[in-house]
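One file, structure_9.cif, carrying mmCIF, C-alpha atoms:
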```cif
data_run
#
loop_
_atom_site.label_atom_id
_atom_site.label_comp_id
_atom_site.auth_asym_id
_atom_site.auth_seq_id
_atom_site.Cartn_x
_atom_site.Cartn_y
_atom_site.Cartn_z
CA ASP A 299 11.45 1.50 -9.46
CA ALA A 300 10.07 2.85 -6.19
CA GLY A 301 6.74 3.72 -7.73
CA VAL A 302 4.97 7.05 -7.45
CA ILE A 303 6.10 8.85 -4.32
CA GLN A 304 3.92 11.39 -2.56
CA SER A 305 4.66 13.58 0.42
CA PRO A 306 3.57 14.23 3.03
CA ARG A 307 1.42 11.17 3.78
CA HIS A 308 -0.67 13.12 6.25
CA GLU A 309 -1.21 16.84 6.60
CA VAL A 310 -3.23 18.62 9.23
CA THR A 311 -3.59 22.35 8.89
CA GLU A 312 -5.83 25.19 9.90
CA MET A 313 -8.25 26.98 7.65
CA GLY A 314 -6.57 29.75 5.71
CA GLN A 315 -3.13 28.17 5.65
CA GLU A 316 -1.27 27.28 2.48
CA VAL A 317 -0.84 23.58 1.76
CA THR A 318 1.63 22.08 -0.70
CA LEU A 319 1.45 18.45 -1.78
CA ARG A 320 4.33 16.85 -3.63
CA CYS A 321 4.65 14.05 -6.12
CA LYS A 322 7.50 12.20 -7.83
CA PRO A 323 6.23 10.13 -10.77
CA ILE A 324 7.72 6.88 -12.02
CA SER A 325 10.83 7.58 -14.04
CA GLY A 326 10.11 7.60 -17.76
CA HIS A 327 6.38 8.17 -17.44
CA ASP A 328 5.16 11.09 -19.52
CA TYR A 329 1.74 11.62 -17.94
CA LEU A 330 1.03 12.80 -14.42
CA PHE A 331 -2.42 13.07 -12.83
CA TRP A 332 -3.70 14.65 -9.64
CA TYR A 333 -6.90 13.21 -8.11
CA ARG A 334 -8.98 14.00 -5.06
CA GLN A 335 -11.01 11.34 -3.28
CA THR A 336 -13.86 11.94 -0.85
CA MET A 337 -16.75 9.80 0.30
CA MET A 338 -19.25 12.18 -1.22
CA ARG A 339 -17.66 12.81 -4.61
CA GLY A 340 -15.54 9.70 -5.15
CA LEU A 341 -12.34 9.88 -7.17
CA GLU A 342 -12.14 13.11 -9.14
CA LEU A 343 -9.49 14.12 -11.63
CA LEU A 344 -8.18 17.59 -10.83
CA ILE A 345 -5.54 18.13 -13.49
CA TYR A 346 -3.15 16.19 -15.68
CA PHE A 347 0.16 16.93 -17.38
CA ASN A 348 1.86 15.54 -20.45
CA ASN A 349 5.60 16.05 -20.68
CA ASN A 350 5.37 18.62 -17.87
CA VAL A 351 2.71 20.68 -19.68
CA PRO A 352 -0.79 20.99 -18.14
CA ILE A 353 -3.29 19.47 -20.57
CA ASP A 354 -6.61 19.58 -18.75
CA ASP A 355 -7.25 21.51 -15.54
CA SER A 356 -11.02 21.58 -15.83
CA GLY A 357 -11.31 19.55 -12.63
CA MET A 358 -9.52 22.10 -10.48
CA PRO A 359 -12.28 23.30 -8.15
CA GLU A 360 -11.36 26.96 -8.00
CA ASP A 361 -8.57 29.49 -8.10
CA ARG A 362 -7.38 28.46 -4.65
CA PHE A 363 -5.93 25.34 -6.29
CA SER A 364 -2.84 25.41 -8.47
CA ALA A 365 -0.53 22.73 -9.82
CA LYS A 366 2.91 22.84 -11.35
CA MET A 367 5.30 20.40 -12.92
CA PRO A 368 8.69 22.14 -13.23
CA ASN A 369 10.42 19.00 -14.49
CA ALA A 370 9.73 15.38 -15.38
CA SER A 371 10.39 14.13 -11.87
CA PHE A 372 8.44 16.52 -9.68
CA SER A 373 4.99 18.05 -9.36
CA THR A 374 3.21 20.08 -6.72
CA LEU A 375 -0.42 20.74 -5.90
CA LYS A 376 -0.96 23.87 -3.85
CA ILE A 377 -4.05 25.04 -2.01
CA GLN A 378 -4.06 28.64 -0.83
CA PRO A 379 -5.97 29.45 1.29
CA SER A 380 -7.16 26.06 2.48
CA GLU A 381 -10.73 25.46 3.65
CA PRO A 382 -12.32 22.61 5.66
CA ARG A 383 -14.11 21.37 2.53
CA ASP A 384 -10.71 20.65 0.98
CA SER A 385 -10.24 17.80 3.45
CA ALA A 386 -9.76 14.67 1.33
CA VAL A 387 -7.18 12.17 0.16
CA TYR A 388 -5.16 13.52 -2.74
CA PHE A 389 -3.59 11.01 -5.09
CA CYS A 390 -0.94 11.51 -7.70
CA ALA A 391 -0.68 8.97 -10.53
CA SER A 392 1.59 8.57 -13.52
CA SER A 393 1.38 6.61 -16.75
CA LEU A 394 3.22 5.87 -19.96
CA GLY A 395 0.99 7.31 -22.63
CA GLN A 396 2.14 5.09 -25.46
CA ILE A 397 0.95 1.90 -23.82
CA PHE A 398 -2.54 1.08 -25.04
CA LYS A 399 -3.74 -0.12 -21.67
CA ASN A 400 -2.86 3.28 -20.25
CA ILE A 401 -2.26 1.84 -16.80
CA GLN A 402 -2.11 4.52 -14.17
CA TYR A 403 0.14 3.92 -11.19
CA PHE A 404 -1.03 5.67 -8.06
CA GLY A 405 0.99 6.99 -5.18
CA ALA A 406 0.01 6.19 -1.60
CA GLY A 407 -1.86 9.49 -1.32
CA THR A 408 -1.81 12.46 1.02
CA ARG A 409 -4.58 12.59 3.60
CA LEU A 410 -5.35 16.27 4.15
CA SER A 411 -7.35 17.52 7.09
CA VAL A 412 -8.19 21.22 7.22
CA LEU A 413 -9.50 22.27 10.62
CA GLY B 225 -19.85 14.44 -20.63
CA GLN B 226 -19.22 11.07 -19.14
CA SER B 227 -20.99 9.13 -16.40
CA LEU B 228 -20.61 5.66 -14.99
CA GLU B 229 -22.86 3.55 -12.78
CA GLN B 230 -21.90 0.71 -10.48
CA PRO B 231 -23.68 -1.01 -7.60
CA SER B 232 -22.61 0.59 -4.33
CA GLU B 233 -22.13 -2.65 -2.39
CA VAL B 234 -21.83 -6.38 -3.04
CA THR B 235 -21.48 -9.14 -0.47
CA ALA B 236 -20.35 -12.71 -1.10
CA VAL B 237 -18.77 -15.63 0.76
CA GLU B 238 -15.30 -17.08 0.43
CA GLY B 239 -14.91 -19.36 -2.56
CA ALA B 240 -17.88 -17.88 -4.38
CA ILE B 241 -18.02 -15.99 -7.68
CA VAL B 242 -19.14 -12.37 -7.84
CA GLN B 243 -19.84 -10.07 -10.77
CA ILE B 244 -19.58 -6.27 -10.53
CA ASN B 245 -21.36 -4.44 -13.31
CA CYS B 246 -20.55 -1.08 -14.84
CA THR B 247 -22.60 0.91 -17.32
CA TYR B 248 -21.29 4.06 -18.87
CA GLN B 249 -22.29 7.00 -20.99
CA THR B 250 -19.54 8.78 -22.82
CA SER B 251 -18.99 10.91 -25.86
CA GLY B 252 -16.34 8.82 -27.53
CA PHE B 253 -14.89 5.69 -25.98
CA TYR B 254 -11.45 4.20 -25.91
CA GLY B 255 -11.45 1.57 -23.22
CA LEU B 256 -12.76 0.37 -19.88
CA SER B 257 -10.42 -0.27 -16.98
CA TRP B 258 -10.89 -1.75 -13.53
CA TYR B 259 -9.05 -0.72 -10.39
CA GLN B 260 -9.02 -2.19 -6.89
CA GLN B 261 -8.64 -0.12 -3.75
CA HIS B 262 -8.27 -1.50 -0.25
CA ASP B 263 -9.28 0.67 2.69
CA GLY B 264 -6.58 3.24 3.31
CA GLY B 265 -4.73 2.23 0.15
CA ALA B 266 -4.27 3.51 -3.36
CA PRO B 267 -6.12 2.31 -6.46
CA THR B 268 -4.25 -0.42 -8.31
CA PHE B 269 -4.83 -1.59 -11.86
CA LEU B 270 -6.65 -4.89 -12.39
CA SER B 271 -7.81 -5.19 -15.96
CA TYR B 272 -8.45 -3.39 -19.24
CA ASN B 273 -10.85 -3.96 -22.14
CA GLY B 274 -10.37 -2.06 -25.37
CA LEU B 275 -12.38 -4.47 -27.50
CA ASP B 276 -15.56 -6.45 -26.93
CA GLY B 277 -15.17 -9.72 -25.13
CA LEU B 278 -13.60 -11.28 -22.11
CA GLU B 279 -10.14 -10.66 -20.71
CA GLU B 280 -8.88 -13.13 -18.12
CA THR B 281 -6.14 -12.54 -15.58
CA GLY B 282 -5.94 -15.31 -13.03
CA ARG B 283 -9.00 -15.28 -10.78
CA PHE B 284 -10.19 -12.01 -12.28
CA SER B 285 -11.90 -11.54 -15.63
CA SER B 286 -13.37 -8.47 -17.25
CA PHE B 287 -15.93 -8.22 -20.01
CA LEU B 288 -16.91 -5.42 -22.34
CA SER B 289 -19.82 -4.86 -24.71
CA ARG B 290 -19.35 -1.56 -26.48
CA SER B 291 -22.74 -1.76 -28.20
CA ASP B 292 -24.41 -1.97 -24.78
CA SER B 293 -22.04 0.49 -23.07
CA TYR B 294 -21.61 -2.17 -20.42
CA GLY B 295 -18.87 -4.08 -18.75
CA TYR B 296 -18.32 -6.25 -15.74
CA LEU B 297 -15.59 -7.54 -13.49
CA LEU B 298 -15.83 -11.19 -12.50
CA LEU B 299 -14.01 -12.40 -9.41
CA GLN B 300 -13.75 -16.15 -8.91
CA GLU B 301 -12.71 -18.25 -5.91
CA LEU B 302 -13.21 -15.26 -3.65
CA GLN B 303 -10.75 -14.76 -0.84
CA MET B 304 -10.98 -12.56 2.23
CA LYS B 305 -8.26 -10.33 0.81
CA ASP B 306 -10.56 -9.48 -2.11
CA SER B 307 -12.62 -7.32 0.25
CA ALA B 308 -12.05 -3.88 -1.23
CA SER B 309 -13.63 -1.24 -3.43
CA TYR B 310 -13.64 -1.80 -7.18
CA PHE B 311 -13.81 1.04 -9.67
CA CYS B 312 -14.52 0.99 -13.36
CA ALA B 313 -12.97 3.81 -15.36
CA VAL B 314 -13.61 5.03 -18.86
CA ARG B 315 -11.02 6.56 -21.08
CA ALA B 316 -12.49 8.79 -23.74
CA ARG B 317 -11.10 8.75 -27.26
CA GLY B 318 -8.50 11.43 -27.80
CA GLY B 319 -7.67 11.83 -24.15
CA GLN B 320 -5.36 10.23 -21.68
CA ASN B 321 -7.54 10.91 -18.67
CA PHE B 322 -9.98 8.59 -16.98
CA VAL B 323 -13.38 9.16 -15.49
CA PHE B 324 -13.84 6.81 -12.56
CA GLY B 325 -17.11 5.25 -11.50
CA PRO B 326 -18.43 5.68 -7.95
CA GLY B 327 -16.98 2.34 -6.87
CA THR B 328 -18.44 -0.92 -5.58
CA ARG B 329 -17.56 -2.04 -2.09
CA LEU B 330 -17.11 -5.82 -2.00
CA SER B 331 -17.32 -7.59 1.32
CA VAL B 332 -16.19 -11.22 1.40
CA LEU B 333 -17.57 -13.16 4.34
CA PRO B 334 -16.06 -16.33 5.82
#
```
Entire entry expressed as structure tokens:
Amino acid sequence: DAGVIQSPRHEVTEMGQEVTLRCKPISGHDYLFWYRQTMMRGLELLIYFNNNVPIDDSGMPEDRFSAKMPNASFSTLKIQPSEPRDSAVYFCASSLGQIFKNIQYFGAGTRLSVL
Amino acid sequence: GQSLEQPSEVTAVEGAIVQINCTYQTSGFYGLSWYQQHDGGAPTFLSYNGLDGLEETGRFSSFLSRSDSYGYLLLQELQMKDSASYFCAVRARGGQNFVFGPGTRLSVLP
């Protein structure tokens, strides 16, 4: 398997623009997680899905952030409008929930810079 | 809520042994995991403890004491490539999500 695939790897945009981050989880995994990583706040869980259904979105910072998972092989995280404080590395991860170790496999991340 | 504490930085020399501690507070507990992240890279799974005791995987070992809400990652025969950040993560009972600690940056010197 190719692992978790995220795109784009880098995104530079201007304040106020819409940003869409994409993620393809590992085939067969039933959990998908979106994280944000910054120096100040570390690795934060934004939202996670089980079988394409959002389970916990309490980490989503505000209404400007939205996430969807239309099918088992694709998810998006959208920021509209973007702000400079959204600059961070965004990771997508997937896991197989039935495995007791609950290993999460991370994608390479999207480095977002909002100018 | 959940919170985890780790030392921010640790420095050691090649060939040495280093221990990275993690203390946690959580309402409900299911397991403690450790992840490694190199600069510019993604977190990768290292070890998991669901029960008290020591888990060994090659040069890396992880320990858990649920009564003390404490765990540690032990790295032996340190190599330069072990220079990275190490995160402990708690999984609360009933959930599939993790809360990650702030991370410990390990620098291995020649």
Margin query: Quick check, in Å to one decimal: how far apart do atom CA of Gln300 of chain B and atom CA of Glu233 of chain B lie?
Written below: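 Going from atom CA of Gln300 of chain B over to atom CA of Glu233 of chain B covers 17.2 Å.
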Checklist line | Interface residues on chain B facing chain A, 10 Å, only C-alpha atoms, written as a count of residues only | finding: 28
Item checked: Separation of atom CA of Asn245 of chain B from atom CA of Val332 of chain B in Å -> 17.0 Å
Next item on the list: Please write as a VMD selection string the list of polymer residues whose atoms come within 8 Å of (-18.3, -17.4, 7.1), counting only C-alpha atoms and keeping to the coordinates of the file.
Entry: chain B and resid 237 to 238 333 to 334
Checklist line | One-decimal distance in Å that lies between atom CA of Lys305 of chain B and atom CA of Leu330 of chain B | finding: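 Between these atoms lies a distance of 10.3 Å.
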Given the file shown, enumerate the residues that the PyMOL selection byres ((chain A and resi 411) around 12) captures and present them as a CSV table (one decimal) with C-alpha atoms, keeping the file's coordinate frame.
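As a result, part_28.csv now contains:
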```csv
chain,number,residue,atom,x,y,z
A,307,ARG,CA,1.4,11.2,3.8
A,308,HIS,CA,-0.7,13.1,6.2
A,309,GLU,CA,-1.2,16.8,6.6
A,310,VAL,CA,-3.2,18.6,9.2
A,311,THR,CA,-3.6,22.4,8.9
A,312,GLU,CA,-5.8,25.2,9.9
A,313,MET,CA,-8.2,27.0,7.6
A,315,GLN,CA,-3.1,28.2,5.6
A,317,VAL,CA,-0.8,23.6,1.8
A,336,THR,CA,-13.9,11.9,-0.8
A,380,SER,CA,-7.2,26.1,2.5
A,381,GLU,CA,-10.7,25.5,3.6
A,382,PRO,CA,-12.3,22.6,5.7
A,383,ARG,CA,-14.1,21.4,2.5
A,384,ASP,CA,-10.7,20.6,1.0
A,385,SER,CA,-10.2,17.8,3.4
A,386,ALA,CA,-9.8,14.7,1.3
A,387,VAL,CA,-7.2,12.2,0.2
A,388,TYR,CA,-5.2,13.5,-2.7
A,408,THR,CA,-1.8,12.5,1.0
A,409,ARG,CA,-4.6,12.6,3.6
A,410,LEU,CA,-5.4,16.3,4.2
A,412,VAL,CA,-8.2,21.2,7.2
A,413,LEU,CA,-9.5,22.3,10.6
```
Check: Got a sec to resolve the PyMOL selection byres ((chain A and resi 361) around 12) on this structure and send the residues as a count of residues only?
Finding: 15
Running the PyMOL selection byres ((chain A and resi 367) around 9) on this model by hand, what would come out? Give it as a PDB file with C-alpha atoms, keeping the file's coordinate frame.
```pdb
ATOM      1  CA  LEU A 330       1.030  12.800 -14.420  1.00  0.00           C
ATOM      2  CA  PHE A 347       0.160  16.930 -17.380  1.00  0.00           C
ATOM      3  CA  ASN A 349       5.600  16.050 -20.680  1.00  0.00           C
ATOM      4  CA  ASN A 350       5.370  18.620 -17.870  1.00  0.00           C
ATOM      5  CA  VAL A 351       2.710  20.680 -19.680  1.00  0.00           C
ATOM      6  CA  PRO A 352      -0.790  20.990 -18.140  1.00  0.00           C
ATOM      7  CA  ALA A 365      -0.530  22.730  -9.820  1.00  0.00           C
ATOM      8  CA  LYS A 366       2.910  22.840 -11.350  1.00  0.00           C
ATOM      9  CA  PRO A 368       8.690  22.140 -13.230  1.00  0.00           C
ATOM     10  CA  ASN A 369      10.420  19.000 -14.490  1.00  0.00           C
ATOM     11  CA  ALA A 370       9.730  15.380 -15.380  1.00  0.00           C
ATOM     12  CA  SER A 371      10.390  14.130 -11.870  1.00  0.00           C
ATOM     13  CA  PHE A 372       8.440  16.520  -9.680  1.00  0.00           C
ATOM     14  CA  SER A 373       4.990  18.050  -9.360  1.00  0.00           C
ATOM     15  CA  THR A 374       3.210  20.080  -6.720  1.00  0.00           C
TER      16      THR A 374
END
```
Check: Which one is closest to Gly239 of chain B: B:Arg290, B:Arg329, B:Ala316, B:Arg283? Count all atoms listed in the file.
Finding: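 Selected residue with least distance to Gly239 of chain B: B:Arg283.
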Note to self: Can you pull out the residues contacting Gln226 of chain B? Cut-off 9 Å, using all atoms listed in the file, and skip same-chain residues under 6 positions away; I want them as a PyMOL selection string.
What the structure shows: chain B and resi 248-251+314+316+323
